[in-house]
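Participant: If you scroll down you'll find the structure; I have some questions about it.
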Amino acid sequence: MAYQILVVDDEPSLRAMVTDLLQRQGYNVTQAASCAQARQAWADARPDAVLLDVMLPDGDGFSLLGELRRQGDIPVLFLSARDEDEARLRGLGLGADDYITKPFLPQELLLRLAAVLRRVYGAPAEEILCLGPVTIRWGSGLVERPDGTVSLTAKEYALLKKLWANRGNIVTIDALCAALWEGTLVGYENTLMVHIRRLREKIELDPSHPRYLLTVRGLGYRLLQEAAL
């Protein structure tokens with residue numbers, strides 16, 4: 001099951017960047033721009049971890065950390081433009097699990113968040129997707145079929161992840177292209193169709209009559225599933 005992360009920051013661009021980064025890694029994300037919104041998001045989403053800014057429009061992250069700690073002992077990582085030793089030591093002294101100074105490298109944030117989650121919750125069980133007799137192991141990118149095991153390419157993996165994240169719903173052609181390529185997306189539709197066909201050859205027992213990866217004509221594609229563990 002994917003971790004639920006609460007991102008608390010009053011900068012819309014940073015919230016959007018962090019949210020996109022985390023969602024691409026399979027996390028579920030809730031956003032808040034203030035202490036008041038964070039309290040409501042905490043009550044509604046019950047996150048597994050919080051990424052918390054220090055300076056907020058209606059208070060500060062240090063005080064909010066104290067409130068959160070009284071309601072539940074979950075991981076809290078500060079994301080702050082304040083890199084003074086005093087602020088960092090204060091945050092850690094109040095019980096924060098980590099203190100990351102802006103600007104930060106995206107990969108650094110992912111690694112430090114993963115380290116905290118692993119320390120608090122332990123190593124997660126391998127996540128798999130079952131499509132009838134076919135099993136996809138996300139950790140290794142392997143597809144186990146009745147007739148053998150094959151590997152997903154990087155593009156096939158990203159494509160299936162995008163469909164799986166929106167399973168049961170239509171994912172538009174534009175959205176799928178954006179998940180696979182950067183920049184101008186004109187002209188990628190035919191290439192996307194090639195990747196869809198190759199993906200079906202791996203996850204469908206009868207690619208010519210797909211049961212799970214369905215085409216929604218004029219719109220995009222939809223992934224059905226029997227079970228996700």
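Letters for chains follow the order of the structure tokens (A, B, ...), residue numbers begin at 1 for each chain, and ligand numbers begin at 1 in the order shown.
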With DSSP run on the backbone, what are the helix (DSSP H, G or I) residues within range 7-209 of chain A? I'd like them as a VMD selection string.
Facilitator: chain A and resid 12 to 24 35 to 45 61 to 71 85 to 93 106 to 121 154 to 165 173 to 180 189 to 203
Participant: Skip Tyr3 in chain A itself and residues of its chain fewer than 5 positions away, then list as a list in words all residues within 8 Å of it, counting only C-alpha atoms.
Facilitator: Tyr27, Asn28, Pro47, Asp48 and Ala49 of chain A
Participant: Quick one: of A:Ala165, A:Leu160, A:Leu79, A:Ala36, who's nearest to Gln23 in chain A, counting only C-alpha atoms?
Facilitator: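 Between A:Ala165, A:Leu160, A:Leu79, A:Ala36, the residue approaching Gln23 in chain A most closely is A:Ala165.
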Participant: I need the strand (DSSP E) residues of range 19-83 of chain A per DSSP on the backbone, written as an MDAnalysis selection string.
Facilitator: chainID A and resid 28:32 49:52 55:56 59:60 76:80
Participant: Near Lys202 in chain A, within 12 Å and counting only C-alpha atoms, which residues show up once chain neighbours fewer than 2 positions away are dropped, as number ranges by chain?
Facilitator: A: 131, 133-136, 141-153, 156-157, 160, 195-200, 204-208, 210, 212-213
Participant: May I have the selected residues written with N, CA, C and O atoms, as a tab-separated table (two decimals), in the first residue's frame?
Facilitator:
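Wrote it out as result05.tsv, contents follow:
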chain	number	residue	atom	x	y	z
A	131	LEU	N	-2.71	-9.36	-12.83
A	131	LEU	CA	-3.65	-9.27	-13.95
A	131	LEU	C	-3.95	-10.70	-14.38
A	131	LEU	O	-3.27	-11.25	-15.26
A	133	PRO	N	-3.55	-14.39	-14.54
A	133	PRO	CA	-2.41	-15.25	-14.25
A	133	PRO	C	-1.06	-14.54	-14.38
A	133	PRO	O	-0.01	-15.16	-14.19
A	134	VAL	N	-1.08	-13.27	-14.72
A	134	VAL	CA	0.16	-12.51	-14.93
A	134	VAL	C	0.42	-11.65	-13.69
A	134	VAL	O	-0.47	-10.96	-13.19
A	135	THR	N	1.67	-11.68	-13.20
A	135	THR	CA	2.06	-10.90	-12.03
A	135	THR	C	3.17	-9.94	-12.42
A	135	THR	O	4.18	-10.34	-13.01
A	136	ILE	N	2.99	-8.65	-12.07
A	136	ILE	CA	4.02	-7.63	-12.30
A	136	ILE	C	4.63	-7.28	-10.96
A	136	ILE	O	3.92	-6.90	-10.01
A	141	GLY	N	10.64	-4.90	-11.82
A	141	GLY	CA	10.22	-4.65	-13.19
A	141	GLY	C	10.02	-5.93	-13.99
A	141	GLY	O	10.06	-5.90	-15.23
A	142	LEU	N	9.78	-7.03	-13.29
A	142	LEU	CA	9.59	-8.32	-13.96
A	142	LEU	C	8.12	-8.65	-14.12
A	142	LEU	O	7.30	-8.33	-13.26
A	143	VAL	N	7.81	-9.30	-15.24
A	143	VAL	CA	6.45	-9.76	-15.51
A	143	VAL	C	6.50	-11.29	-15.53
A	143	VAL	O	7.17	-11.89	-16.38
A	144	GLU	N	5.81	-11.89	-14.58
A	144	GLU	CA	5.78	-13.35	-14.48
A	144	GLU	C	4.53	-13.87	-15.17
A	144	GLU	O	3.41	-13.57	-14.76
A	145	ARG	N	4.73	-14.65	-16.23
A	145	ARG	CA	3.65	-15.20	-17.03
A	145	ARG	C	3.65	-16.73	-16.92
A	145	ARG	O	4.65	-17.33	-16.53
A	146	PRO	N	2.53	-17.35	-17.27
A	146	PRO	CA	2.52	-18.82	-17.25
A	146	PRO	C	3.58	-19.43	-18.15
A	146	PRO	O	4.06	-20.54	-17.89
A	147	ASP	N	3.98	-18.70	-19.21
A	147	ASP	CA	4.96	-19.24	-20.15
A	147	ASP	C	6.38	-18.71	-19.89
A	147	ASP	O	7.27	-18.90	-20.71
A	148	GLY	N	6.60	-18.03	-18.77
A	148	GLY	CA	7.94	-17.55	-18.45
A	148	GLY	C	7.94	-16.14	-17.89
A	148	GLY	O	6.88	-15.54	-17.68
A	149	THR	N	9.12	-15.61	-17.65
A	149	THR	CA	9.29	-14.28	-17.06
A	149	THR	C	9.98	-13.35	-18.05
A	149	THR	O	10.97	-13.75	-18.69
A	150	VAL	N	9.45	-12.13	-18.19
A	150	VAL	CA	10.04	-11.13	-19.07
A	150	VAL	C	10.24	-9.85	-18.28
A	150	VAL	O	9.61	-9.64	-17.23
A	151	SER	N	11.10	-8.97	-18.78
A	151	SER	CA	11.38	-7.70	-18.12
A	151	SER	C	10.69	-6.55	-18.86
A	151	SER	O	10.61	-6.56	-20.09
A	152	LEU	N	10.22	-5.57	-18.10
A	152	LEU	CA	9.69	-4.35	-18.69
A	152	LEU	C	10.83	-3.41	-19.04
A	152	LEU	O	11.81	-3.29	-18.29
A	153	THR	N	10.73	-2.74	-20.18
A	153	THR	CA	11.67	-1.66	-20.48
A	153	THR	C	11.31	-0.45	-19.62
A	153	THR	O	10.26	-0.40	-18.99
A	156	GLU	N	8.07	1.06	-20.87
A	156	GLU	CA	6.93	0.21	-20.54
A	156	GLU	C	6.60	0.30	-19.05
A	156	GLU	O	5.43	0.33	-18.66
A	157	TYR	N	7.64	0.35	-18.23
A	157	TYR	CA	7.46	0.46	-16.78
A	157	TYR	C	6.75	1.77	-16.44
A	157	TYR	O	5.78	1.80	-15.68
A	160	LEU	N	3.08	1.65	-17.63
A	160	LEU	CA	2.22	0.82	-16.78
A	160	LEU	C	2.00	1.46	-15.42
A	160	LEU	O	0.91	1.39	-14.86
A	195	HIS	N	4.44	1.41	-27.95
A	195	HIS	CA	4.73	0.99	-26.57
A	195	HIS	C	3.54	0.26	-25.96
A	195	HIS	O	3.72	-0.72	-25.21
A	196	ILE	N	2.33	0.72	-26.27
A	196	ILE	CA	1.12	0.04	-25.77
A	196	ILE	C	1.08	-1.39	-26.31
A	196	ILE	O	0.79	-2.34	-25.57
A	197	ARG	N	1.36	-1.54	-27.59
A	197	ARG	CA	1.31	-2.87	-28.19
A	197	ARG	C	2.34	-3.80	-27.55
A	197	ARG	O	2.04	-4.96	-27.21
A	198	ARG	N	3.55	-3.29	-27.36
A	198	ARG	CA	4.61	-4.11	-26.76
A	198	ARG	C	4.30	-4.44	-25.29
A	198	ARG	O	4.61	-5.54	-24.82
A	199	LEU	N	3.69	-3.47	-24.59
A	199	LEU	CA	3.31	-3.74	-23.21
A	199	LEU	C	2.24	-4.82	-23.13
A	199	LEU	O	2.29	-5.72	-22.28
A	200	ARG	N	1.28	-4.74	-24.05
A	200	ARG	CA	0.23	-5.77	-24.08
A	200	ARG	C	0.82	-7.16	-24.35
A	200	ARG	O	0.34	-8.17	-23.82
A	204	GLU	N	-0.62	-9.22	-21.32
A	204	GLU	CA	-1.86	-9.87	-21.78
A	204	GLU	C	-1.53	-11.25	-22.33
A	204	GLU	O	-0.55	-11.41	-23.08
A	205	LEU	N	-2.35	-12.25	-22.02
A	205	LEU	CA	-2.15	-13.57	-22.60
A	205	LEU	C	-2.53	-13.59	-24.07
A	205	LEU	O	-1.96	-14.34	-24.87
A	206	ASP	N	-3.50	-12.75	-24.46
A	206	ASP	CA	-3.91	-12.62	-25.85
A	206	ASP	C	-3.87	-11.14	-26.22
A	206	ASP	O	-4.88	-10.44	-26.12
A	207	PRO	N	-2.71	-10.63	-26.63
A	207	PRO	CA	-2.55	-9.19	-26.90
A	207	PRO	C	-3.52	-8.65	-27.94
A	207	PRO	O	-3.87	-7.47	-27.91
A	208	SER	N	-3.96	-9.50	-28.87
A	208	SER	CA	-4.88	-9.05	-29.92
A	208	SER	C	-6.29	-8.83	-29.38
A	208	SER	O	-7.10	-8.12	-29.98
A	210	PRO	N	-7.14	-7.79	-25.83
A	210	PRO	CA	-6.73	-7.47	-24.45
A	210	PRO	C	-7.90	-7.50	-23.47
A	210	PRO	O	-9.01	-7.09	-23.79
A	212	TYR	N	-7.20	-6.50	-20.04
A	212	TYR	CA	-6.90	-5.56	-18.95
A	212	TYR	C	-6.50	-4.17	-19.45
A	212	TYR	O	-6.95	-3.17	-18.90
A	213	LEU	N	-5.64	-4.09	-20.45
A	213	LEU	CA	-5.21	-2.80	-20.98
A	213	LEU	C	-6.10	-2.46	-22.17
A	213	LEU	O	-5.87	-2.91	-23.28
Participant: For Ala33 in chain A, which of A:Val54, A:Ala16, A:Cys130, A:Val8 is the closest residue, counting only C-alpha atoms?
Facilitator: A:Val8
Participant: Quick one: everything within 12 Å of Lys102 in chain A, counting only C-alpha atoms, minus sequence neighbours fewer than 3 positions away in the same chain. Send it as a PyMOL selection string.
Facilitator: chain A and resi 9+11+14+18+52-54+78-84+99+105-106+108-109
Participant: For Ala175 in chain A, which of A:Gly132, A:Pro57, A:Gly122, A:Gly220 is the closest residue, counting only C-alpha atoms?
Facilitator: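 Looking only at the distances to Ala175 in chain A, the closest residue turns out to be A:Gly220.
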